[in-house]
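*Asks:* Sharing query-v7.cif (mmCIF, C-alpha atoms) below.
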data_entry
loop_
_atom_site.group_PDB
_atom_site.id
_atom_site.type_symbol
_atom_site.label_atom_id
_atom_site.label_comp_id
_atom_site.auth_asym_id
_atom_site.auth_seq_id
_atom_site.Cartn_x
_atom_site.Cartn_y
_atom_site.Cartn_z
ATOM 1 C CA MET A 338 178.471 84.689 197.999
ATOM 2 C CA SER A 339 182.118 84.439 196.912
ATOM 3 C CA MET A 340 183.381 84.086 193.366
ATOM 4 C CA PRO A 341 183.298 80.481 192.128
ATOM 5 C CA ALA A 342 186.530 78.574 191.513
ATOM 6 C CA THR A 343 185.430 77.858 187.936
ATOM 7 C CA PRO A 344 183.246 80.052 185.692
ATOM 8 C CA PRO A 345 179.531 79.206 185.905
ATOM 9 C CA ARG A 346 177.697 77.498 183.087
ATOM 10 C CA HIS A 347 175.223 79.726 181.255
ATOM 11 C CA PHE A 348 172.376 78.888 178.863
ATOM 12 C CA LEU A 349 172.349 81.950 176.615
ATOM 13 C CA GLN A 350 171.757 80.239 173.285
ATOM 14 C CA PHE A 351 170.958 76.690 172.295
ATOM 15 C CA ARG A 352 174.452 75.727 171.178
ATOM 16 C CA ASP A 353 175.845 76.456 174.655
ATOM 17 C CA PHE A 354 175.042 72.826 175.549
ATOM 18 C CA SER A 355 176.142 69.572 173.926
ATOM 19 C CA ARG A 356 173.857 66.817 172.677
ATOM 20 C CA GLU A 357 174.908 64.689 175.630
ATOM 21 C CA GLU A 358 173.832 67.451 178.018
ATOM 22 C CA PHE A 359 170.466 67.791 176.307
ATOM 23 C CA ASP A 360 169.913 64.036 176.541
ATOM 24 C CA TYR A 361 170.680 64.280 180.258
ATOM 25 C CA LEU A 362 168.240 67.200 180.657
ATOM 26 C CA PHE A 363 165.512 65.240 178.872
ATOM 27 C CA ALA A 364 166.051 62.248 181.167
ATOM 28 C CA ARG A 365 165.845 64.540 184.196
ATOM 29 C CA THR A 366 162.763 66.265 182.766
ATOM 30 C CA ARG A 367 160.997 62.926 182.417
ATOM 31 C CA TRP A 368 161.885 61.956 185.991
ATOM 32 C CA ILE A 369 160.915 65.344 187.471
ATOM 33 C CA LYS A 370 157.653 65.485 185.506
ATOM 34 C CA ASP A 371 156.690 61.945 186.550
ATOM 35 C CA ARG A 372 157.169 62.817 190.215
ATOM 36 C CA PHE A 373 155.226 66.052 189.779
ATOM 37 C CA LYS A 374 152.296 64.190 188.212
ATOM 38 C CA ARG A 375 152.293 61.779 191.176
ATOM 39 C CA TYR A 376 152.271 64.702 193.641
ATOM 40 C CA GLU A 377 155.592 63.560 195.075
ATOM 41 C CA LEU A 378 157.595 66.353 196.684
ATOM 42 C CA TYR A 379 161.004 66.991 195.134
ATOM 43 C CA GLN A 380 162.862 70.046 196.434
ATOM 44 C CA PRO A 381 166.578 69.996 195.610
ATOM 45 C CA LEU A 382 166.729 73.819 195.510
ATOM 46 C CA ARG A 383 165.698 74.570 199.079
ATOM 47 C CA ASP A 384 167.291 77.831 200.232
ATOM 48 C CA ARG A 385 168.244 78.659 196.621
ATOM 49 C CA THR A 386 167.068 81.851 194.908
ATOM 50 C CA LEU A 387 166.297 82.620 191.260
ATOM 51 C CA ALA A 388 166.299 86.266 190.144
ATOM 52 C CA MET A 389 164.006 86.828 187.145
ATOM 53 C CA VAL A 390 164.685 90.027 185.207
ATOM 54 C CA PHE A 391 161.942 91.027 182.767
ATOM 55 C CA GLU A 392 162.342 93.785 180.204
ATOM 56 C CA LYS A 393 159.709 92.202 177.930
ATOM 57 C CA ALA A 394 156.163 91.099 178.739
ATOM 58 C CA SER A 395 155.742 87.443 179.616
ATOM 59 C CA THR A 396 153.123 84.820 180.438
ATOM 60 C CA ARG A 397 154.702 81.372 179.978
ATOM 61 C CA THR A 398 158.246 82.382 180.913
ATOM 62 C CA ARG A 399 157.131 84.174 184.100
ATOM 63 C CA VAL A 400 154.756 81.451 185.299
ATOM 64 C CA SER A 401 156.946 78.481 184.367
ATOM 65 C CA PHE A 402 160.121 79.794 185.999
ATOM 66 C CA GLU A 403 158.412 81.108 189.132
ATOM 67 C CA ALA A 404 156.234 78.022 189.626
ATOM 68 C CA GLY A 405 159.138 75.735 188.755
ATOM 69 C CA MET A 406 161.505 77.341 191.253
ATOM 70 C CA ASN A 407 158.836 77.182 193.962
ATOM 71 C CA GLN A 408 158.122 73.509 193.215
ATOM 72 C CA LEU A 409 161.845 72.747 193.521
ATOM 73 C CA GLY A 410 161.793 74.307 196.983
ATOM 74 C CA GLY A 411 163.445 77.607 196.072
ATOM 75 C CA ILE A 412 162.378 81.219 195.844
ATOM 76 C CA ALA A 413 161.912 83.330 192.706
ATOM 77 C CA ILE A 414 162.303 87.117 192.772
ATOM 78 C CA ASN A 415 160.629 89.024 189.941
ATOM 79 C CA LEU A 416 162.357 92.204 188.760
ATOM 80 C CA THR A 417 161.534 94.640 185.984
ATOM 81 C CA ARG A 418 163.738 97.454 184.706
ATOM 82 C CA GLY A 419 161.634 99.914 186.690
ATOM 83 C CA ASP A 420 162.246 97.929 189.890
ATOM 84 C CA THR A 421 166.012 98.322 189.628
ATOM 85 C CA GLN A 422 168.637 101.002 189.190
ATOM 86 C CA LEU A 423 168.913 99.948 185.529
ATOM 87 C CA SER A 424 166.112 102.434 184.930
ATOM 88 C CA ARG A 425 168.430 105.179 186.244
ATOM 89 C CA GLY A 426 171.407 104.166 184.161
ATOM 90 C CA GLU A 427 173.323 101.772 186.411
ATOM 91 C CA PRO A 428 175.646 99.742 184.170
ATOM 92 C CA ILE A 429 174.562 96.178 183.449
ATOM 93 C CA GLU A 430 177.996 94.977 184.513
ATOM 94 C CA ASP A 431 177.557 96.496 187.990
ATOM 95 C CA VAL A 432 174.062 95.026 188.375
ATOM 96 C CA ALA A 433 175.453 91.601 187.426
ATOM 97 C CA ARG A 434 178.273 91.869 189.979
ATOM 98 C CA VAL A 435 175.823 92.716 192.773
ATOM 99 C CA VAL A 436 172.835 90.495 191.982
ATOM 100 C CA SER A 437 174.973 87.406 191.378
ATOM 101 C CA ARG A 438 176.396 87.712 194.910
ATOM 102 C CA MET A 439 172.872 87.499 196.353
ATOM 103 C CA VAL A 440 171.155 84.775 194.293
ATOM 104 C CA ASP A 441 171.987 81.360 192.847
ATOM 105 C CA VAL A 442 170.637 81.633 189.270
ATOM 106 C CA VAL A 443 169.535 84.554 187.085
ATOM 107 C CA MET A 444 166.980 84.363 184.265
ATOM 108 C CA ILE A 445 166.769 87.375 181.936
ATOM 109 C CA ARG A 446 164.131 88.192 179.308
ATOM 110 C CA THR A 447 165.334 91.201 177.367
ATOM 111 C CA PHE A 448 165.956 92.789 173.976
ATOM 112 C CA GLU A 449 169.393 92.474 172.340
ATOM 113 C CA GLN A 450 171.439 89.327 172.961
ATOM 114 C CA ALA A 451 174.363 91.618 173.784
ATOM 115 C CA ILE A 452 172.586 92.676 176.993
ATOM 116 C CA ILE A 453 172.439 89.162 178.403
ATOM 117 C CA GLU A 454 175.961 88.376 177.182
ATOM 118 C CA ARG A 455 177.280 91.426 179.053
ATOM 119 C CA PHE A 456 175.413 90.428 182.217
ATOM 120 C CA ALA A 457 176.692 86.839 182.034
ATOM 121 C CA ALA A 458 180.292 87.995 181.557
ATOM 122 C CA TYR A 459 180.203 89.634 184.995
ATOM 123 C CA SER A 460 177.949 87.151 186.806
ATOM 124 C CA ASN A 461 179.372 84.550 189.168
ATOM 125 C CA VAL A 462 176.192 82.436 188.978
ATOM 126 C CA PRO A 463 174.500 80.762 185.988
ATOM 127 C CA VAL A 464 172.477 82.992 183.660
ATOM 128 C CA ILE A 465 169.547 81.691 181.585
ATOM 129 C CA ASN A 466 168.187 83.331 178.447
ATOM 130 C CA GLY A 467 164.411 83.627 178.920
ATOM 131 C CA LEU A 468 164.164 85.292 175.482
ATOM 132 C CA THR A 469 166.099 87.867 173.499
ATOM 133 C CA ASN A 470 165.521 89.376 170.071
ATOM 134 C CA GLU A 471 167.962 86.834 168.666
ATOM 135 C CA TYR A 472 167.254 83.553 170.531
ATOM 136 C CA HIS A 473 164.681 81.676 172.616
ATOM 137 C CA PRO A 474 166.539 78.552 173.799
ATOM 138 C CA CYS A 475 164.202 77.605 176.681
ATOM 139 C CA GLN A 476 161.251 77.368 174.289
ATOM 140 C CA VAL A 477 163.038 75.109 171.815
ATOM 141 C CA LEU A 478 164.263 72.990 174.735
ATOM 142 C CA ALA A 479 160.607 72.403 175.659
ATOM 143 C CA ASP A 480 159.599 71.889 172.019
ATOM 144 C CA LEU A 481 162.200 69.208 171.434
ATOM 145 C CA TYR A 482 161.301 67.446 174.664
ATOM 146 C CA THR A 483 157.634 67.524 173.630
ATOM 147 C CA TYR A 484 158.485 65.868 170.313
ATOM 148 C CA VAL A 485 160.553 63.185 172.053
ATOM 149 C CA GLU A 486 157.754 62.638 174.590
ATOM 150 C CA HIS A 487 155.190 62.061 171.817
ATOM 151 C CA ARG A 488 157.258 60.484 169.039
ATOM 152 C CA ALA A 489 160.665 59.371 170.447
ATOM 153 C CA ALA A 490 163.960 60.589 168.973
ATOM 154 C CA ILE A 491 163.935 63.497 166.524
ATOM 155 C CA ASP A 492 167.210 62.418 164.896
ATOM 156 C CA GLY A 493 166.778 62.070 161.127
ATOM 157 C CA LYS A 494 163.317 63.642 161.158
ATOM 158 C CA THR A 495 162.125 66.710 159.239
ATOM 159 C CA VAL A 496 160.943 69.894 160.965
ATOM 160 C CA ALA A 497 159.152 72.562 158.915
ATOM 161 C CA TRP A 498 159.448 76.135 160.145
ATOM 162 C CA ILE A 499 156.825 78.360 158.496
ATOM 163 C CA GLY A 500 156.996 82.117 158.981
ATOM 164 C CA ASP A 501 159.369 84.797 160.188
ATOM 165 C CA SER A 502 163.053 83.982 160.620
ATOM 166 C CA ASN A 503 162.884 85.347 164.164
ATOM 167 C CA ASN A 504 164.466 84.259 167.458
ATOM 168 C CA MET A 505 162.575 80.959 167.382
ATOM 169 C CA CYS A 506 163.724 80.150 163.859
ATOM 170 C CA ALA A 507 167.315 81.063 164.770
ATOM 171 C CA THR A 508 167.163 78.686 167.730
ATOM 172 C CA TRP A 509 165.737 75.853 165.625
ATOM 173 C CA LEU A 510 168.630 76.467 163.218
ATOM 174 C CA GLN A 511 171.077 75.950 166.104
ATOM 175 C CA ALA A 512 169.261 72.829 167.291
ATOM 176 C CA ALA A 513 169.226 71.057 163.908
ATOM 177 C CA PRO A 514 172.914 70.059 163.730
ATOM 178 C CA ILE A 515 173.000 69.194 167.447
ATOM 179 C CA PHE A 516 170.046 66.788 167.166
ATOM 180 C CA GLY A 517 170.631 65.694 163.582
ATOM 181 C CA PHE A 518 167.275 66.634 162.080
ATOM 182 C CA ARG A 519 166.526 68.397 158.805
ATOM 183 C CA LEU A 520 164.984 71.875 159.025
ATOM 184 C CA HIS A 521 162.792 73.178 156.208
ATOM 185 C CA VAL A 522 162.389 76.951 156.438
ATOM 186 C CA SER A 523 159.886 78.987 154.448
ATOM 187 C CA SER A 524 159.586 82.736 154.952
ATOM 188 C CA PRO A 525 158.247 85.545 152.748
ATOM 189 C CA PRO A 526 160.784 87.406 150.592
ATOM 190 C CA GLY A 527 162.818 89.720 152.788
ATOM 191 C CA TYR A 528 162.159 87.721 155.958
ATOM 192 C CA GLU A 529 164.374 84.693 155.272
ATOM 193 C CA PRO A 530 167.169 83.619 157.633
ATOM 194 C CA ALA A 531 170.578 85.056 156.833
ATOM 195 C CA ALA A 532 172.835 82.677 154.913
ATOM 196 C CA ASP A 533 175.381 82.532 157.750
ATOM 197 C CA MET A 534 172.683 81.261 160.149
ATOM 198 C CA ARG A 535 171.967 78.139 158.126
ATOM 199 C CA ALA A 536 173.719 74.853 158.795
ATOM 200 C CA ARG A 537 174.109 73.768 155.170
ATOM 201 C CA GLU A 538 173.620 70.046 155.631
ATOM 202 C CA HIS A 539 170.658 70.520 158.002
ATOM 203 C CA CYS A 540 168.691 73.459 156.537
ATOM 204 C CA VAL A 541 166.785 73.847 153.287
ATOM 205 C CA VAL A 542 165.031 77.113 152.428
ATOM 206 C CA PHE A 543 161.764 76.995 150.448
ATOM 207 C CA ASP A 544 159.935 79.787 148.624
ATOM 208 C CA ASP A 545 156.696 77.781 148.839
ATOM 209 C CA PRO A 546 155.515 77.065 152.410
ATOM 210 C CA GLU A 547 153.424 74.075 151.279
ATOM 211 C CA ALA A 548 156.504 72.507 149.702
ATOM 212 C CA ALA A 549 158.398 73.084 152.958
ATOM 213 C CA CYS A 550 155.777 70.987 154.782
ATOM 214 C CA GLU A 551 156.107 68.047 152.386
ATOM 215 C CA GLY A 552 156.929 64.937 154.405
ATOM 216 C CA ALA A 553 157.524 66.875 157.628
ATOM 217 C CA ASP A 554 157.339 65.120 160.988
ATOM 218 C CA LEU A 555 156.772 68.404 162.804
ATOM 219 C CA VAL A 556 155.312 71.690 161.564
ATOM 220 C CA THR A 557 155.882 74.749 163.709
ATOM 221 C CA THR A 558 155.376 78.499 163.471
ATOM 222 C CA ASP A 559 155.209 81.728 165.458
ATOM 223 C CA VAL A 560 153.454 85.083 165.303
ATOM 224 C CA TRP A 561 154.057 87.210 162.229
ATOM 225 C CA THR A 562 155.066 90.199 164.349
ATOM 226 C CA SER A 563 157.398 89.560 167.270
ATOM 227 C CA MET A 564 157.688 91.866 170.290
ATOM 228 C CA GLY A 565 159.486 95.062 169.363
ATOM 229 C CA PHE A 566 158.325 95.022 165.732
ATOM 230 C CA GLU A 567 154.730 96.186 166.285
ATOM 231 C CA ALA A 568 155.230 99.208 163.998
ATOM 232 C CA GLU A 569 155.598 96.736 161.101
ATOM 233 C CA ASN A 570 152.352 94.906 161.891
ATOM 234 C CA GLU A 571 150.315 95.889 158.818
ATOM 235 C CA GLU A 572 153.254 95.489 156.459
ATOM 236 C CA ARG A 573 153.958 92.048 157.877
ATOM 237 C CA ARG A 574 150.299 91.031 157.694
ATOM 238 C CA ARG A 575 150.392 91.630 153.945
ATOM 239 C CA ALA A 576 153.783 89.969 153.441
ATOM 240 C CA PHE A 577 152.862 86.818 155.403
ATOM 241 C CA GLU A 578 149.368 86.351 153.950
ATOM 242 C CA HIS A 579 150.260 83.019 152.292
ATOM 243 C CA TRP A 580 152.300 81.730 155.239
ATOM 244 C CA GLN A 581 149.394 80.683 157.447
ATOM 245 C CA VAL A 582 149.708 77.071 158.612
ATOM 246 C CA ASP A 583 146.365 75.603 157.583
ATOM 247 C CA ALA A 584 144.878 72.173 156.925
ATOM 248 C CA SER A 585 146.297 72.139 153.390
ATOM 249 C CA MET A 586 149.833 72.532 154.686
ATOM 250 C CA MET A 587 149.319 69.870 157.350
ATOM 251 C CA ARG A 588 148.094 67.443 154.659
ATOM 252 C CA ARG A 589 151.462 67.844 152.928
ATOM 253 C CA ALA A 590 153.202 66.734 156.128
ATOM 254 C CA LYS A 591 153.261 63.106 157.288
ATOM 255 C CA PRO A 592 149.930 61.741 158.543
ATOM 256 C CA ASP A 593 151.250 61.550 162.112
ATOM 257 C CA ALA A 594 152.994 64.940 161.994
ATOM 258 C CA LEU A 595 152.727 67.159 165.058
ATOM 259 C CA PHE A 596 151.959 70.874 165.097
ATOM 260 C CA MET A 597 153.630 73.260 167.548
ATOM 261 C CA HIS A 598 153.413 76.974 168.304
ATOM 262 C CA CYS A 599 155.338 78.744 171.075
ATOM 263 C CA LEU A 600 152.334 81.001 171.844
ATOM 264 C CA PRO A 601 150.671 83.450 172.077
ATOM 265 C CA ALA A 602 148.852 82.502 168.872
ATOM 266 C CA HIS A 603 146.645 84.531 166.546
ATOM 267 C CA ARG A 604 144.110 82.214 164.962
ATOM 268 C CA GLY A 605 143.394 83.287 161.405
ATOM 269 C CA GLU A 606 146.860 84.807 160.994
ATOM 270 C CA GLU A 607 149.923 82.557 161.340
ATOM 271 C CA VAL A 608 147.779 79.484 162.074
ATOM 272 C CA ALA A 609 144.249 78.372 161.253
ATOM 273 C CA ALA A 610 142.005 77.515 164.199
ATOM 274 C CA GLU A 611 141.409 74.045 162.729
ATOM 275 C CA VAL A 612 145.145 73.320 163.050
ATOM 276 C CA ILE A 613 146.002 74.742 166.463
ATOM 277 C CA ASP A 614 142.809 73.304 167.969
ATOM 278 C CA GLY A 615 142.991 70.119 165.915
ATOM 279 C CA PRO A 616 144.160 66.574 166.723
ATOM 280 C CA GLN A 617 147.743 67.078 165.495
ATOM 281 C CA SER A 618 148.352 70.057 167.767
ATOM 282 C CA VAL A 619 150.416 69.526 170.912
ATOM 283 C CA VAL A 620 150.726 73.211 171.822
ATOM 284 C CA TRP A 621 149.254 72.827 175.320
ATOM 285 C CA ASN A 622 151.612 69.955 176.189
ATOM 286 C CA GLU A 623 154.400 72.042 174.669
ATOM 287 C CA ALA A 624 153.482 75.008 176.892
ATOM 288 C CA GLU A 625 153.303 72.830 180.020
ATOM 289 C CA ASN A 626 156.683 71.328 179.227
ATOM 290 C CA ARG A 627 158.288 74.760 179.637
ATOM 291 C CA LEU A 628 157.720 74.131 183.360
ATOM 292 C CA HIS A 629 159.296 70.687 183.432
ATOM 293 C CA THR A 630 162.278 71.256 181.117
ATOM 294 C CA GLN A 631 163.163 74.459 182.964
ATOM 295 C CA LYS A 632 163.037 72.667 186.294
ATOM 296 C CA ALA A 633 165.585 70.200 184.913
ATOM 297 C CA LEU A 634 167.648 73.131 183.618
ATOM 298 C CA LEU A 635 167.553 74.925 186.988
ATOM 299 C CA GLU A 636 168.531 71.732 188.793
ATOM 300 C CA TYR A 637 171.451 71.151 186.415
ATOM 301 C CA LEU A 638 172.801 74.701 186.588
ATOM 302 C CA ALA A 639 172.386 75.002 190.375
ATOM 303 C CA CYS A 640 173.353 71.475 191.467
ATOM 304 C CA GLY A 641 175.228 69.864 188.603
ATOM 305 C CA ARG A 642 174.424 66.275 187.687
ATOM 306 C CA VAL A 643 172.293 64.325 190.114
ATOM 307 C CA GLY A 644 170.880 60.824 190.234
#
Would you mind writing the file's structure down as C-alpha cells?

*Replies:*
Amino acid sequence: MSMPATPPRHFLQFRDFSREEFDYLFARTRWIKDRFKRYELYQPLRDRTLAMVFEKASTRTRVSFEAGMNQLGGIAINLTRGDTQLSRGEPIEDVARVVSRMVDVVMIRTFEQAIIERFAAYSNVPVINGLTNEYHPCQVLADLYTYVEHRAAIDGKTVAWIGDSNNMCATWLQAAPIFGFRLHVSSPPGYEPAADMRAREHCVVFDDPEAACEGADLVTTDVWTSMGFEAENEERRRAFEHWQVDASMMRRAKPDALFMHCLPAHRGEEVAAEVIDGPQSVVWNEAENRLHTQKALLEYLACGRVG
C-alpha cells in the first residue's frame, strides 16, 4: 500500500470532526442500522482490513468493531501488545509505518493519548481511538446518536455528568460546544475537570450532584474507578459515596429524561439498580449503537462520503 496523496483523516478525539460531519455520520448510522435490522446485506468494505490493537481489556469495543467490520464485508485482525514486537521494544512509529501499509484502518485501545497520537503521525491510513486514558470518542458518538434516536436533536438540551472527570467526561466536554448543549458536571472534591477543559459557555460545575441533575434531559455516569486506577479503588469508593445516580437524582431531572452509562456498570456504586434497570435507562440501546455508529465511522474513513 503506497503513501496517500493527502494525509488520512483520524478520529483520535471528539473535536477532530465538525458538526456537519457528525450529522452526516448520524444519517449514515440510521441508514446502516435500518438495513441491518431488515437483514439486508450491505458490504462496502469487501477486501478491506481493520487492525485492532488492544492494550486494555475490552468487551463492547472488541465486539462492536470486529462484528461491524465483518458485517461491512471486511476483515478485522485482533492484536495485543504481546502479539506484536511492541512487547520487545519496537518503536510505535515503526509499527505504524509497517501496519498501515498492510491494512486500511487501525483502531487502538491504549493508555496515554500520546501513544495513539504518535501512531497516527506515522500512519498512512485512518486511525480510530477505541479508548485512551484521556478520551473515549467512539462511546460519546454512540451516546449522542442514542439521544437523537430517542429524543431528536440535543441542541439546547442539558446533559448532567455525575462522577469522575475521566475520559468520558472529557469527551462530553468536547462534544458540548460542537452540538450546542449545556453540560452540568458534578464530581467529588479533587476529581473535578480541570478549568482549561471546560467550555465556559457550555459547562457548569456543581458541588451538589442532585443540583446538577435539575432540569436535565440526559443523566449519565461511569464507574468510579477507571482502568489503570484500581489501586485507588477504596479511596474512590469513599470519595464518591454521595455521587451515586439514584431515583432521587432522576426525579430532579425532567420527567422524560434519559439515563445512560457506557458500561460496565456496578449497581449499588455509581448507579442504583432501580435507575439502570428502570424505564428511563437506554443503556442497552446505547451499547448496541456502538456497533452501528462505528460502522458509519469505518465507512466514512475508508470510503469517504457515500450515498

*Asks:* Would you write out, as a list in words, every residue that the PyMOL selection byres ((chain A and resi 615-623) around 8) captures in this file?

*Replies:*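 For this structure, the PyMOL selection byres ((chain A and resi 615-623) around 8) resolves to Ala479, Asp480, Thr483, Asp593, Ala594, Leu595, Phe596, Met597, His598, Cys599, Leu600, Ala610, Glu611, Val612, Ile613, Asp614, Ala624, Glu625, Asn626 and Arg627 of chain A.
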
*Asks:* Applied to this file, what does the PyMOL selection byres ((chain A and resi 496) around 7) return in terms of residues, put as a list in words?

*Replies:*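 Applied to this file, the PyMOL selection byres ((chain A and resi 496) around 7) returns Lys494, Thr495, Ala497, Trp498, Arg519, Leu520, His521, Ala553, Asp554, Leu555 and Val556 of chain A.
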
*Asks:* Check the smallest atom-to-atom distance from each of A:Arg604, A:Arg372, A:His473, A:Arg383 to Gly411 of chain A using all atoms listed in the file, then report the winner.

*Replies:*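 That would be A:Arg383, the residue with the smallest distance to Gly411 of chain A.
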
*Asks:* Could you tell me how far atom CA of Glu471 of chain A sits from atom CA of Ala451 of chain A, in Å to one decimal place?

*Replies:* 9.5 Å

*Asks:* Calculate how many Å separate atom CA of Phe363 of chain A from atom CA of Tyr379 of chain A, rounding to one decimal.

*Replies:*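 According to the coordinates, atom CA of Phe363 of chain A and atom CA of Tyr379 of chain A are separated by 17.0 Å.
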
*Asks:* Could you tell me which residues the PyMOL selection byres ((chain A and resi 459) around 8) grabs in this file, written as a list of chain:residue names?

*Replies:*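 Answer for the PyMOL selection byres ((chain A and resi 459) around 8): A:Glu430, A:Asp431, A:Ala433, A:Arg434, A:Arg455, A:Phe456, A:Ala457, A:Ala458, A:Ser460, A:Asn461.
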
*Asks:* Hey, can you spit out that residue selection with C-alpha atoms as a compact mmCIF listing (two decimals), in the frame of the given file?

*Replies:*
# COMPACT_ATOMS: atom_id res chain seq x y z
CA GLU A 430 178.00 94.98 184.51
CA ASP A 431 177.56 96.50 187.99
CA ALA A 433 175.45 91.60 187.43
CA ARG A 434 178.27 91.87 189.98
CA ARG A 455 177.28 91.43 179.05
CA PHE A 456 175.41 90.43 182.22
CA ALA A 457 176.69 86.84 182.03
CA ALA A 458 180.29 88.00 181.56
CA SER A 460 177.95 87.15 186.81
CA ASN A 461 179.37 84.55 189.17

*Asks:* Counting all atoms listed in the file, which residue out of A:Tyr472, A:Trp580, A:Phe348, A:Phe391 sits closest to Ser563 of chain A?

*Replies:*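 For Ser563 of chain A, the nearest of the given residues is A:Tyr472.
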
*Asks:* Report the distance between atom CA of Ser523 of chain A and atom CA of Asp353 of chain A in Å, rounded to one decimal place.

*Replies:* 25.9 Å

*Asks:* Using all atoms listed in the file, which of the listed residues (A:Gln350, A:Arg438, A:Glu606, A:Ala507) sits closest to Asn570 of chain A?

*Replies:*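 When distances to Asn570 of chain A are compared using all atoms listed in the file, the smallest one comes from A:Glu606.
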
*Asks:* Using only C-alpha atoms, can you tell me which of A:Arg589, A:His347, A:Arg397, A:Arg352 comes closest to Gln476 of chain A?

*Replies:*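 Smallest separation from Gln476 of chain A among the options: A:Arg397.
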
*Asks:* Show me, as a CSV table (one decimal) with C-alpha atoms, in the coordinates of the input, the residues that have an atom within 8 Å of Leu416 of chain A when counting all atoms listed in the file, minus same-chain residues fewer than 6 positions from it.

*Replies:*
chain,number,residue,atom,x,y,z
A,388,ALA,CA,166.3,86.3,190.1
A,389,MET,CA,164.0,86.8,187.1
A,390,VAL,CA,164.7,90.0,185.2
A,391,PHE,CA,161.9,91.0,182.8

*Asks:* Extract, using only C-alpha atoms, all DNA, RNA and protein residues at most 10 Å from Ser585 of chain A, discarding same-chain residues fewer than 5 positions from it, and format them as an mmCIF file with C-alpha atoms, in the frame of the given file.

*Replies:*
data_model
loop_
_atom_site.group_PDB
_atom_site.id
_atom_site.type_symbol
_atom_site.label_atom_id
_atom_site.label_comp_id
_atom_site.auth_asym_id
_atom_site.auth_seq_id
_atom_site.Cartn_x
_atom_site.Cartn_y
_atom_site.Cartn_z
ATOM 1 C CA GLU A 547 153.424 74.075 151.279
ATOM 2 C CA CYS A 550 155.777 70.987 154.782
ATOM 3 C CA ALA A 590 153.202 66.734 156.128
ATOM 4 C CA VAL A 612 145.145 73.320 163.050
#

*Asks:* Rank nothing, just name the residue among A:Tyr376, A:Trp509, A:Phe518, A:Tyr484 nearest to Phe351 of chain A, using only C-alpha atoms.

*Replies:*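 For Phe351 of chain A, the nearest of the given residues is A:Trp509.
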